[in-house]
Each structure stands twice: as C-alpha cells, then as structure tokens.
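In what follows, a structure is listed as structure tokens, so that the remarks can point back to it.
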Amino acid sequence: MKHLVVAGYGMVAQRFLEAMRQRDAEGAWRITVLAEEGRPAYDRVRLTSWFDGEDLDLGGPPAGVDVRLGTPAVSVDRANRTVNGSIPYDALVLATGSRPFLPPFEGSALPGVFVYRTVEDLKAIKEWASGCRVGAVLGGGLLGLEAANALKGLGLETHVVEFAPRLMPMQVDEGGGAVLKRHIEALGVTVHTGRSCGSLTKGAMHFADGGSLAVDIVVVAAGIRPRDELVDLIRGTRGGYLVDEACRTEDEAIWAIGECAALQGVCYGLVAPGYAMAEVVADRLTGGAAVMAPPDTSTKLKLLGVDVASFGAPHGEGLDVVVSDQINGVYAKLLLTDDAQTLLGGILVGDASSYPTLRACVGGPLPGSPLSVLSGQTSVALSGTAQVCSCHAVSKDHVSSAIAGGCGDVACLKACTKAGTGCGSCVPLLKQLLVEGGVKLSKALCEHFAYSRQELFDIIHIRGATSFTALIGEFGTGRGCDICKPAVASILASMSSGYILDGEQAALQDTNDHFLANIQRDGTYSVVPRIPGGEITPEKLIAVGEVARDFGLYTKITGGQRIDLFGARVEQLPQIWRRLVDAGFESGHAYGKALRTVKSCVGSTWCRYGVQDSVGLAVDLELRYRGLRAPHKIKAAVSGCARECAEARGKDFGVIATETGWNLYVGGNGGFRPRHADLFLADVSTEVLVRTIDRFLMYYIRTADRLQRTASWIESLDGGLDHLREVIVDDSLGLCAELDAMMARHVASYSDEWRDTLEDPKRLARFVSFVNAPDTPDPDISFSVERGQRVPA
Amino acid sequence: MKWFQICTIEILQPERGVAALVDGTQVAVFRTFDDSLYAVGNRDPIGKAQVMSRGIVGTRGTAPTVASPLHKQVYDLRTGECLDLPGIRIPTYPVRCVDGRVEISVT
C-alpha cells in the first residue's frame with residue numbers, strides 16, 4: 001500500500017480526505033495527516049459564529065485516516081521522501097494554508113493586539129475583551145468586517161480602519177463601497193477609510209496621517225500570506241508553492257492545494273477554489289487526469305447584516321450598468337462585454353437576492369434587460385452547464401438530472417449532488433429548479449394532514465369544524481401528533497375564544513397550554529402573571545413577592561417587563577394561582593402561542609422627552625389582545641417618543657409616538673434572527689392605529705404557517721409589505737370587515753383562563769402529581785441554592 | 001405477577017396521560033382513542049425528567065405514540081422504542097382494566 005502524507009488539516013484538507021475516500025475505493029492509499037491545531041478541521045468560513053456558540057465541526061476525518069493533532073509537519077526530505085525525519089511518503093500533499101499578515105508598525109507585539117484566524121485567536125479575543133470599551137480592527141476587507149462584527153457582538157464600541165479609500169476593496173468598487181460604508185456606520189461601527197495605523201502604544205492607536213484613538217483591543221485583519229516555508233520549492237512571485245493545472249509542484253511527488261498553492265502563479269484566499277484543487281489532486285492520485293478550471297472567485301456574504309456579493313470579473317473593461325439607490329441602501333453593478341452580449345461579472349450591495357442566478361449567467365448572455373434581471377422581474381432560464389453551486393462546482397445539468405432521477409426536495413438534492421452544502425447561497429436557486437422540474441414542494445403540515453396551516457384554517461373556518469376527531473376523520477389520517485394537534489388547537493382557539501381545555505380540545509394541547517404554565521428542564525413549571533404595559537402597583541408587587549416567598553419560587557424579571565416565578569410543581573399551580581387571582585392578577589399567557597406583552601417606556605406622564613402616553617396605550621393594547629391565540633407568540637411595545645426606549649422596532653408590532661399621533665411598525669423580531677420592524681403607518685390617530693393592528697393580527701392568524709413569526713410571515717407574502725398594506729388598509733380582498741368582526745368577537749369573549757380553571761373542580765382535577773397519590777411531590781425533583789434562590793439541582 | 005390499582009378508567013381521558021407512583025416507580029399511563037391502555041416509564045431518557053405522562057399522544061404510521069414534552073422525541077407506546085433516535089427506549093409495563101379499575105404491574 002502506498003503512503004500519502006497530508007501536511008495541514010484545514011477545510012481544504014478535510015475536503016481532500018473526503019474526496020480520497022470516495023475515489024480510492026480499493027484503498028490503494030494509506031493516509032497520514034499532520035495537523036498543527038489541536039482540533040480536527042473546522043468551518044473557518046463561519047468562524048465568527050463561534051461567538052454565538054455554534055458548532056463549526058466539519059465531521060472529522062474519514063475512517064482509517066491517521067490524524068496526528070498538534071503535530072505539524074516541520075521538515076521535508078525530498079531526496080529520501082520523508083516528513084519530520086521518520087515518516088516516509090510516496091505522495092505529499094501540502095495544505096498548510098496561510099497566516100495572517102501583520103503590517104510592520106511599532107507596537108504590533110503589545111498585549112491586546114490579536115489576529116483573526118483560528119478558534120484559539122477568538123478565545124483570546126473574547127477573554128481580553130471582557131471589561132474593554134473600545135476596539136479597532138485594522139483592515140476593512142471581508143475578514144476585517146467579520147472581526148468588527150465580532151467586536152460589536154462583544155459589546156465594544158467598534159472602529160474599522162482601512163488603508164484603501166473604500167471598504168472591501170477587493171470585492172466592490174467605489175459606489176458599492178460607499179453604500180456598504182453607510183450601512184455599516186448605521187449599525188454604530190465607525191469607519192475610517194483612506195487611513196492606516198502608524199503605531200500602537202498602550203491604550204492608543206496613532207494614525208499614520210496624524211491623530212489617535214483610545215483603544216483597548218486591536219484586531220489585525222490586513223490580509224493573509226501563504227505558508228510556504230516547509231519545503232524549498234519554486235514559489236509564485238507573491239509567494240505560495242507554484243503549481244500547474246494539476247496542482248502539482250515542481251517535485252512530481254509533491255502537490256499543493258488551498259491557500260498555500262500559487263495556481264499558475266496566483267494564490268486564492270477563498271474556500272471554493274481550494275475545494276476544486278482538493279478534487280483535482282484526489283482525482284490525479286487515483287489515476288485520473290483532472291485539471292483545474294479557472295477558479296470562481298464569486299463570493300456572497302452577510303456582513304453585519306448587510307448583503308455583499310461579487311461574481312465573475314467585475315473590475316475589468318466593458319460596458320457597465322450601475323444602479324445606486326441611496327434611499328434604500330442598495331447598489332448593483334453589472335459588467336458586460338462591449339457588444340453587451342456576455343456577462344463578465346458584477347457587484348451587489350444591500351440586496352443580493354439576484355446573486356445565484358446572476359453568478360450562474362457569468363460567461364453567457366443575460367436572460368433579460370439588465371434592470372429587469374437586477375429587480376428580479378425576469379425569471380432566469382439557465383444553460384445546462386451554468387454552475388449552480390460554486391462551492392462544490394455543481395452544474396444545472398447535474399441538479400436537473402438528480403431531480404429527474406427522483407430528488408423531490410432540497411434536502412435530497414443536497415445529499416445527492418452536494419449542491420447547497422457549502423455557503424448555502426444557491427438554495428433559493430435549487431428550490432426554483434425543483435419547481436421548474438415539476439416538483440411540487442410539499443406544504444403538508446405532517447403525515448396526518450396534507451394541508452398547510454392556512455388551508456386547515458380555511459377548512460375549519462368554512463366547514464365550521466369544531467372537533468379534531470371530525471376534522472382528521474374527514475381531512476386527515478391516523479390520530480395526529482405533536483405537530484398537527486397543537487396547530488389545530490390554536491386554530492380552534494383563534495376562532496372560538498372558548499375555554500381551551502374542555503372536552504377533546506384538552507388532548508390537543510402542548511403541556512404548557514395543558515397546565516397553563518411553562519415547563520422547565522426538570523419538569524417543574526414557571527408562572528407569569530400578566531402585568532399590562534409593565535405597570536404595577538406596590539401592593540400587587542408585594543403580593544407577587546409573597547407568593548414567590550411562600551412557595552419557594554425562583555424569581556426573575558423578564559425582558560417583557562413582568563415577573564417569572566420558577567420551580568412550581570404541577571400540584572402547586574392551582575394553589576399559587578388562587579393567591580394570584582385573589583390579588584387581582586390574571587394569566588399572562590407566557591405558556592401560549594399568543595400575545596405575550598406590550599412593553600412600554602414611561603412616556604409623557606413622567607418623562608421630560610415623552611410626547612404621548614405610551615403606558616396608557618400599551619395597557620389598552622395588552623388588554624385588547626390578551627389571550628389571542630396565534631401561529632406563534634406575539635410581542636409588542638409602545639415608545640413615548642422617537643428615542644424608542646421600549647425597543648418597539650424589535651417587536652411583532654411596535655408603536656412609536658409622534659407629536660401628533662403614532663407610527664406603527666410591523667414584523668420586528670429579536671431572538672435567533674433579529675429583524676427591525678418596518679414602518680407601516682405614519683402619524684395616525686389611536687383609532688386608526690388600533691384598527692390596523694386588529695387587522696394585521698387577524699390576517700396573520702389566518703394566513704401564517706405553523707410557528708411562523710410575523711417577521712418571516714411578511715417576508716413570505718407575495719408582494720411583502722405592499723401586499724399587506726393593500727389587504728388591511730385598502731381592503732383589496734374585501735376581507736377587512738371579516739377581520740374586524742373576528743377581533744371584535746375575541747375582545748368581547750375574553751375570559752381569564754386561570755380564573756375559569758379555579759372555579760371548576762373538574763378542570764382542577766388534572767393538577768395532580770400522581771393519579772394514585774395526588775399530593776405526593778415528584779421525588780426526583782430537587783433543588784440547590786444559587787445566589788440566594790432555589791434552582792434545579 | 002403483582003398488580004397495583006391506580007385509578008378508575010373514567011379518570012383516563014382519551015389521548016392524554018397520567019403519572020402514577022407504583023411501588024416507588026414512576027409510570028406514565030395512556031388511554032388511546034381506540035380505548036387501548038399503555039404504560040411506560042415516566043422518565044424522559046433524553047431530557048432526564050419525569051414528564052412522559054404530559055406528552056402529546058398520537059400515531060406514527062400504525063404505531064400509537066407519545067412525544068416528549070421537553071424536546072419532542074416520539075416513542076412507540078407498545079415497545080417504548082424511540083422512533084426518532086434509534087437505540088433509545090423507555091421501559092414498558094403490563095397494564096389492564098379490571099371491572100373499571102386500571103391496574104399496573106411493575107415487577
């Protein structure tokens with residue numbers, strides 16, 4: 001068996017190992033990997049998401065590969081074909097990557113100066129940054145903006161210093177750079193273009209052109225240099241092992257792939273060309289004759305929430321089409337040949353939705369007029385050889401034949417073709433190709449119903465179905481599951497406003513709705529009484545405190561301006577709620593897919609800046625919509641002036657006071673995918689405001705998918721915000737009267753679930769620990785004490 | 001085999017579970033839509049809390065199922081087999097209805 005040694009274990013080496021496993025089916029090669037870092041290859045492209053606790057794991061080495069972590073290759077003896085003195089090789093693949101470039105300025109070795117390349121770098125940055133106030137990133141390229149994102153995420157005032165006159169000089173042009181800069185400055189990052197760092201001293205950075213900045217941490221992201229010092233071989237003019245189109249160096253037993261290779265003289269700092277090199281070398285080592293195609297340097301990324309994409313060769317000679325929309329912060333440039341027949345490349349900033357199709361058109365004609373293609377109005381017919389996925393070099397023909405062969409969804413296409421498993425930017429294109437291939441994407445809720453939530457809503461609405469058994473008997477199969485049952489329960493509740501736990505409906509509810517409390521990790525529940533608008537009298541505050549004290553509940557203030565009491569056992573819930581109801585509280589519906597809170601700032605009553613009574617409106621809105629069941633939870637807020645202390649733009653609906661009325665914002669979100677709400681109505685009266693919110697909520701309840709928040713619901717609507725305005729303001733569907741009636745019915749029939757439960761012994765019967773020992777606490781629940789309160793042991 | 005009476009059959013609502021403490025063992029007891037009875041361990045082996053009785057009851061294919069209320073893994077009520085994560089299972093116990101009384105054996 002021949003021996004293959006791989007020097008370096010990054011993303012490209014990982015890809016090479018996977019390609020070898022696939023191609024070397026007979027096992028002709030035994031493989032040893034010498035890795036410098038103490039961990040297997042990880043996803044360096046998504047390095048910044050390490051700060052969010054994301055797993056960057058790439059799956060580890062294939063079985064049978066001998067990986068030596070923390071054992072870098074340090075010497076190569078070409079004459080005897082050995083690495084590190086004793087490891088013989090028949091073939092050596094260099095995948096040593098690159099190192100961050102540190103510009104030579106005074107003070108670059110001071111503590112508090114970091115580079116941005118490995119997980120260890122990020123750990124060091126995170127550790128140092130705690131307690132820091134100001135951070136600067138040297139370099140405004142792709143990596144620099146990633147690092148700026150990270151510093152901002154660590155809560156630092158962030159500066160970006162870029163020597164070139166624009167951000168991302170390698171990818172965008174002047175116009176695109178200007179739009180990008182405005183976006184990034186709007187996020188609170190200060191951008192210094194056309195400037196460079198002259199020197200660093202403790203606590204300060206001094207610009208080369210004079211002036212200085214107080215900084216506590218500096219991250220250098222001023223480019224990378226290939227690591228080409230291991231073996232003495234011919235190098236490219238700018239470094240890197242010079243390789244031919246087969247990725248072979250001058251030594252026929254030595255190959256180089258990824259960032260350490262100078263392919264016909266050029267080093268590529270992107271992962272896609274590295275992956276292509278990995279495939280070529282794996283093919284060569286297994287008897288093939290593959291050669292490198294000209295590398296695709298297209299990139300699309302989201303930096304600090306701003307889409308930036310460049311594809312093909314956007315900086316060359318030719319005819320250009322430039323769209324610069326300073327109002328919406330969108331910039332686009334297409335470069336075509338002089339005869340306007342062939343797309344050479346382009347740049348997109350602010351909106352990169354047309355990227356997958358445009359990238360696939362590079363080298364061929366545009367499918368429509370440039371402006372219509374950029375605006376997404378032309379649906380694009382791609383040629384068969386057009387590359388759909390550039391990370392894995394998958395052509396449209398390859399995808400189409402997979403669809404013809406039975407692939408029926410994106411997951412299957414990913415498994416069969418690898419398309420979409422790299423950066424993921426081609427997934428929308430894959431969906432489009434599935435539709436073009438005649439595949440109907442399933443809208444089925446689950447195996448029991450072949451309908452979407454919206455279709456089920458209409459069925460229940462039109463047929464007047466009132467029971468799950470009747471519904472599933474006529475329109476479904478089996479007896480339901482944890483997906484369709486709560487969805488049907490929510491629809492029934494939205495429609496009838498009756499008590500949600502009577503009769504068969506009780507069996508549909510999630511445990512939270514079933515016990516009207518929020519289940520926690522140890523099987524206990526938390527209790528959240530409603531505190532409308534966050535306004536509470538001292539007497540009620542004392543009452544909450546007394547209940548928490550008497551039942552030994554862990555107590556925490558929530559983000560929605562109320563109080564969460566943790567650690568209640570099932571059999572304690574009625575006793576706790578008896579006390580709370582007697583003190584004037586009602587259910588806060590924290591357990592339901594329902595309105596949670598309407599948060600408020602203190603408003604004009606007290607605040608010297610306030611222009612409207614935000615607390616009063618928040619209380620009114622919270623009482624109006626309390627108990628309203630929806631496809632997902634609904635959060636809201638009201639701010640009394642433009643300073644926006646209630647953070648209303650992060651909510652499903654947010655209201656901000658103006659001098660003469662209110663501005664309404666919709667579709668905001670915190671959580672996993674933050675989104676600022678969009679301005680929907682400006683300067684309207686309270687009456688118009690409330691009527692519009694009524695319709696907004698009811699239209700959402702009628703048409704959204706299960707567990708779809710308003711933010712993604714609006715994004716999924718054909719026509720988006722404009723469509724929404726047509727339906728609920730202009731009444732284009734003639735639906736408004738019905739929506740208004742639905743809300744009127746909800747408001748009129750609201751009743752506190754916990755009071756209703758306490759008043760009925762039958763409803764109370766379920767609140768027992770054990771059916772045969774109703775008052776015996778679950779013996780497995782135990783607590784310890786942390787910072788003076790009980791927590792799960 | 002020793003049987004323990006836990007409650008009358010009327011107390012068991014179709015497609016909803018109850019927890020029972022049987023000779024020191026926590027058991028989740030379910031009555032499905034077709035009036036079959038099932039008893040499984042109340043402990044969620046993944047969430048590690050005594051909560052299985054509070055899961056949503058349904059079907060997957062022909063199997064009667066319960067979903068963990070913590071992280072929604074689905075278990076076959078007949079065998080205790082986890083249908084989402086092969087290799088994980090919860091114990092099952094004999095259960096019967098005698099003269100309107102539900103009885104369980106844990107030995």
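Lettering and numbering for the structure tokens are positional, with chains as A, B, ... in the shown order, residues counted from 1 in each chain, and ligands counted from 1 in the shown order.
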- Task: Enumerate as a VMD selection string all residues of range 6-105 of chain B assigned to strand (DSSP E or B) by DSSP on the backbone, naming them with the chain letters and numbers the document uses.
- Result: chain B and resid 6 to 8 16 to 22 25 to 31 37 to 41 43 to 44 49 to 50 56 to 60 63 to 67 74 to 76 81 to 82 89 92 to 93 95 to 98 101 to 104
Could those selected residues go to a file with C-alpha atoms, as a PDB file, in the first residue's frame?
ATOM      1  CA  ILE B   6     -54.113   3.100  40.261  1.00  0.00           C
ATOM      2  CA  CYS B   7     -57.443   4.682  39.312  1.00  0.00           C
ATOM      3  CA  THR B   8     -60.785   4.117  37.609  1.00  0.00           C
ATOM      4  CA  ARG B  16     -53.943  12.184  27.413  1.00  0.00           C
ATOM      5  CA  GLY B  17     -51.647  10.598  30.010  1.00  0.00           C
ATOM      6  CA  VAL B  18     -51.450  10.475  33.779  1.00  0.00           C
ATOM      7  CA  ALA B  19     -48.492   9.761  36.062  1.00  0.00           C
ATOM      8  CA  ALA B  20     -48.748   7.038  38.697  1.00  0.00           C
ATOM      9  CA  LEU B  21     -46.440   6.145  41.563  1.00  0.00           C
ATOM     10  CA  VAL B  22     -46.402   2.351  41.581  1.00  0.00           C
ATOM     11  CA  THR B  25     -41.663   3.529  40.276  1.00  0.00           C
ATOM     12  CA  GLN B  26     -42.976   6.469  38.250  1.00  0.00           C
ATOM     13  CA  VAL B  27     -45.173   5.226  35.412  1.00  0.00           C
ATOM     14  CA  ALA B  28     -46.928   7.137  32.611  1.00  0.00           C
ATOM     15  CA  VAL B  29     -50.308   5.631  31.733  1.00  0.00           C
ATOM     16  CA  PHE B  30     -52.158   6.374  28.497  1.00  0.00           C
ATOM     17  CA  ARG B  31     -55.568   5.572  27.063  1.00  0.00           C
ATOM     18  CA  LEU B  37     -54.187   1.114  27.569  1.00  0.00           C
ATOM     19  CA  TYR B  38     -50.415   1.578  27.616  1.00  0.00           C
ATOM     20  CA  ALA B  39     -47.957   2.057  30.492  1.00  0.00           C
ATOM     21  CA  VAL B  40     -44.369   3.264  30.023  1.00  0.00           C
ATOM     22  CA  GLY B  41     -41.666   4.790  32.216  1.00  0.00           C
ATOM     23  CA  ARG B  43     -38.831   9.448  32.819  1.00  0.00           C
ATOM     24  CA  ASP B  44     -37.708  11.126  29.606  1.00  0.00           C
ATOM     25  CA  ALA B  49     -37.063  14.482  33.953  1.00  0.00           C
ATOM     26  CA  GLN B  50     -40.253  12.657  34.953  1.00  0.00           C
ATOM     27  CA  ILE B  56     -48.969  14.608  23.220  1.00  0.00           C
ATOM     28  CA  VAL B  57     -50.463  11.248  22.199  1.00  0.00           C
ATOM     29  CA  GLY B  58     -50.912  10.395  18.542  1.00  0.00           C
ATOM     30  CA  THR B  59     -49.843   7.954  15.856  1.00  0.00           C
ATOM     31  CA  ARG B  60     -46.926   7.480  13.505  1.00  0.00           C
ATOM     32  CA  ALA B  63     -47.826   2.903  15.908  1.00  0.00           C
ATOM     33  CA  PRO B  64     -49.538   4.598  18.858  1.00  0.00           C
ATOM     34  CA  THR B  65     -47.091   7.233  20.122  1.00  0.00           C
ATOM     35  CA  VAL B  66     -46.294   9.806  22.775  1.00  0.00           C
ATOM     36  CA  ALA B  67     -43.973  12.772  22.199  1.00  0.00           C
ATOM     37  CA  VAL B  74     -41.532  10.399  19.679  1.00  0.00           C
ATOM     38  CA  TYR B  75     -41.821   6.979  21.373  1.00  0.00           C
ATOM     39  CA  ASP B  76     -43.812   3.892  20.346  1.00  0.00           C
ATOM     40  CA  GLU B  81     -38.760   2.370  21.327  1.00  0.00           C
ATOM     41  CA  CYS B  82     -37.745   5.952  20.441  1.00  0.00           C
ATOM     42  CA  ARG B  89     -36.093   3.292  24.649  1.00  0.00           C
ATOM     43  CA  THR B  92     -42.962  -0.590  29.254  1.00  0.00           C
ATOM     44  CA  TYR B  93     -45.176  -2.140  31.926  1.00  0.00           C
ATOM     45  CA  VAL B  95     -51.444  -2.639  32.228  1.00  0.00           C
ATOM     46  CA  ARG B  96     -55.064  -3.859  32.240  1.00  0.00           C
ATOM     47  CA  CYS B  97     -58.554  -2.764  33.119  1.00  0.00           C
ATOM     48  CA  VAL B  98     -60.468  -4.978  35.577  1.00  0.00           C
ATOM     49  CA  ARG B 101     -60.215  -0.219  37.520  1.00  0.00           C
ATOM     50  CA  VAL B 102     -56.849   0.329  35.877  1.00  0.00           C
ATOM     51  CA  GLU B 103     -54.099  -1.952  37.161  1.00  0.00           C
ATOM     52  CA  ILE B 104     -50.337  -1.916  36.544  1.00  0.00           C
TER      53      ILE B 104
END
Using only C-alpha atoms, I'd like a table of the residues in chain A that come within 6 Å of chain B; for each, show the closest atom pair and its distance in Å rounded to one decimal, ordered by chain and ascending number, as JSON lines.
{"residue": "A:Arg479", "atom": "CA", "partner": "B:Gly58", "partner_atom": "CA", "distance": 5.1}
{"residue": "A:Gly480", "atom": "CA", "partner": "B:Gly58", "partner_atom": "CA", "distance": 4.8}
{"residue": "A:Cys481", "atom": "CA", "partner": "B:Gly58", "partner_atom": "CA", "distance": 4.6}
{"residue": "A:Asp482", "atom": "CA", "partner": "B:Ile56", "partner_atom": "CA", "distance": 5.5}
{"residue": "A:Ala507", "atom": "CA", "partner": "B:Arg16", "partner_atom": "CA", "distance": 5.5}
{"residue": "A:Thr511", "atom": "CA", "partner": "B:Arg54", "partner_atom": "CA", "distance": 5.8}
{"residue": "A:Asp522", "atom": "CA", "partner": "B:Ala49", "partner_atom": "CA", "distance": 5.2}
{"residue": "A:Gly523", "atom": "CA", "partner": "B:Ala49", "partner_atom": "CA", "distance": 5.6}
{"residue": "A:Phe770", "atom": "CA", "partner": "B:Ala20", "partner_atom": "CA", "distance": 4.7}
{"residue": "A:Val771", "atom": "CA", "partner": "B:Ala20", "partner_atom": "CA", "distance": 5.4}
{"residue": "A:Asn772", "atom": "CA", "partner": "B:Ile6", "partner_atom": "CA", "distance": 5.2}
Let's have the selection written as a CSV table (one decimal), in the first residue's frame, with N, CA and C atoms.
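Output file selection-v3.csv follows:
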chain,number,residue,atom,x,y,z
A,479,ARG,N,-54.2,9.5,14.0
A,479,ARG,CA,-54.7,10.2,15.1
A,479,ARG,C,-53.9,11.4,15.5
A,480,GLY,N,-53.1,11.9,14.6
A,480,GLY,CA,-52.4,13.2,14.9
A,480,GLY,C,-51.1,13.0,15.6
A,481,CYS,N,-50.4,14.1,15.9
A,481,CYS,CA,-49.1,14.1,16.5
A,481,CYS,C,-48.9,15.5,17.2
A,482,ASP,N,-47.6,15.6,17.7
A,482,ASP,CA,-47.3,16.8,18.4
A,482,ASP,C,-47.2,18.1,17.5
A,507,ALA,N,-56.9,17.3,24.9
A,507,ALA,CA,-55.9,16.3,24.4
A,507,ALA,C,-55.0,16.8,23.3
A,511,THR,N,-48.0,20.5,26.6
A,511,THR,CA,-48.1,20.5,28.1
A,511,THR,C,-48.2,21.9,28.6
A,522,ASP,N,-36.5,20.6,34.4
A,522,ASP,CA,-36.6,19.5,35.4
A,522,ASP,C,-38.0,19.0,35.6
A,523,GLY,N,-38.9,19.5,34.7
A,523,GLY,CA,-40.3,19.0,34.7
A,523,GLY,C,-41.2,19.9,35.6
A,770,PHE,N,-49.5,12.6,41.0
A,770,PHE,CA,-49.7,11.2,40.6
A,770,PHE,C,-51.2,10.9,40.7
A,771,VAL,N,-51.7,10.2,39.8
A,771,VAL,CA,-53.2,9.9,39.8
A,771,VAL,C,-53.6,9.1,41.1
A,772,ASN,N,-52.6,8.3,41.6
A,772,ASN,CA,-52.9,7.5,42.8
A,772,ASN,C,-52.3,8.1,44.0
- Using DSSP on the backbone coordinates, identify the residues of range 229-280 of chain A assigned to helix (DSSP H, G or I); present them as a list of chain:residue names. A:Gly258, A:Glu259, A:Cys260, A:Val271, A:Ala272, A:Pro273, A:Gly274, A:Tyr275, A:Ala276, A:Met277, A:Ala278, A:Glu279, A:Val280
Selected residues written out with N, CA and C atoms, as a short mmCIF file (atom, residue, chain, number, x, y, z; two decimals), in the first residue's frame:
data_model
loop_
_atom_site.label_atom_id
_atom_site.label_comp_id
_atom_site.auth_asym_id
_atom_site.auth_seq_id
_atom_site.Cartn_x
_atom_site.Cartn_y
_atom_site.Cartn_z
N GLY A 258 -5.19 24.65 -1.85
CA GLY A 258 -5.69 25.68 -0.95
C GLY A 258 -4.85 26.94 -0.97
N GLU A 259 -4.85 27.63 0.15
CA GLU A 259 -4.26 28.97 0.20
C GLU A 259 -2.73 28.96 0.10
N CYS A 260 -2.08 27.79 0.32
CA CYS A 260 -0.62 27.76 0.23
C CYS A 260 -0.15 27.53 -1.21
N VAL A 271 -12.47 29.59 -0.16
CA VAL A 271 -12.52 28.15 0.05
C VAL A 271 -12.92 27.40 -1.24
N ALA A 272 -13.73 28.03 -2.09
CA ALA A 272 -14.21 27.30 -3.26
C ALA A 272 -13.08 26.87 -4.20
N PRO A 273 -12.13 27.75 -4.55
CA PRO A 273 -11.01 27.29 -5.37
C PRO A 273 -10.20 26.19 -4.67
N GLY A 274 -10.06 26.30 -3.35
CA GLY A 274 -9.33 25.27 -2.59
C GLY A 274 -10.01 23.92 -2.70
N TYR A 275 -11.35 23.92 -2.59
CA TYR A 275 -12.11 22.68 -2.74
C TYR A 275 -11.88 22.07 -4.13
N ALA A 276 -11.89 22.96 -5.14
CA ALA A 276 -11.69 22.46 -6.51
C ALA A 276 -10.31 21.81 -6.64
N MET A 277 -9.29 22.44 -6.00
CA MET A 277 -7.94 21.85 -6.04
C MET A 277 -7.92 20.49 -5.34
N ALA A 278 -8.62 20.40 -4.23
CA ALA A 278 -8.67 19.13 -3.49
C ALA A 278 -9.23 18.02 -4.38
N GLU A 279 -10.27 18.34 -5.14
CA GLU A 279 -10.88 17.34 -6.02
C GLU A 279 -9.91 16.93 -7.13
N VAL A 280 -9.20 17.92 -7.67
CA VAL A 280 -8.27 17.62 -8.77
C VAL A 280 -7.16 16.68 -8.30
#
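Atom pair CA of Glu229 in chain A / CA of Val137 in chain A has a distance of 27.8 Å (rounded to one decimal).
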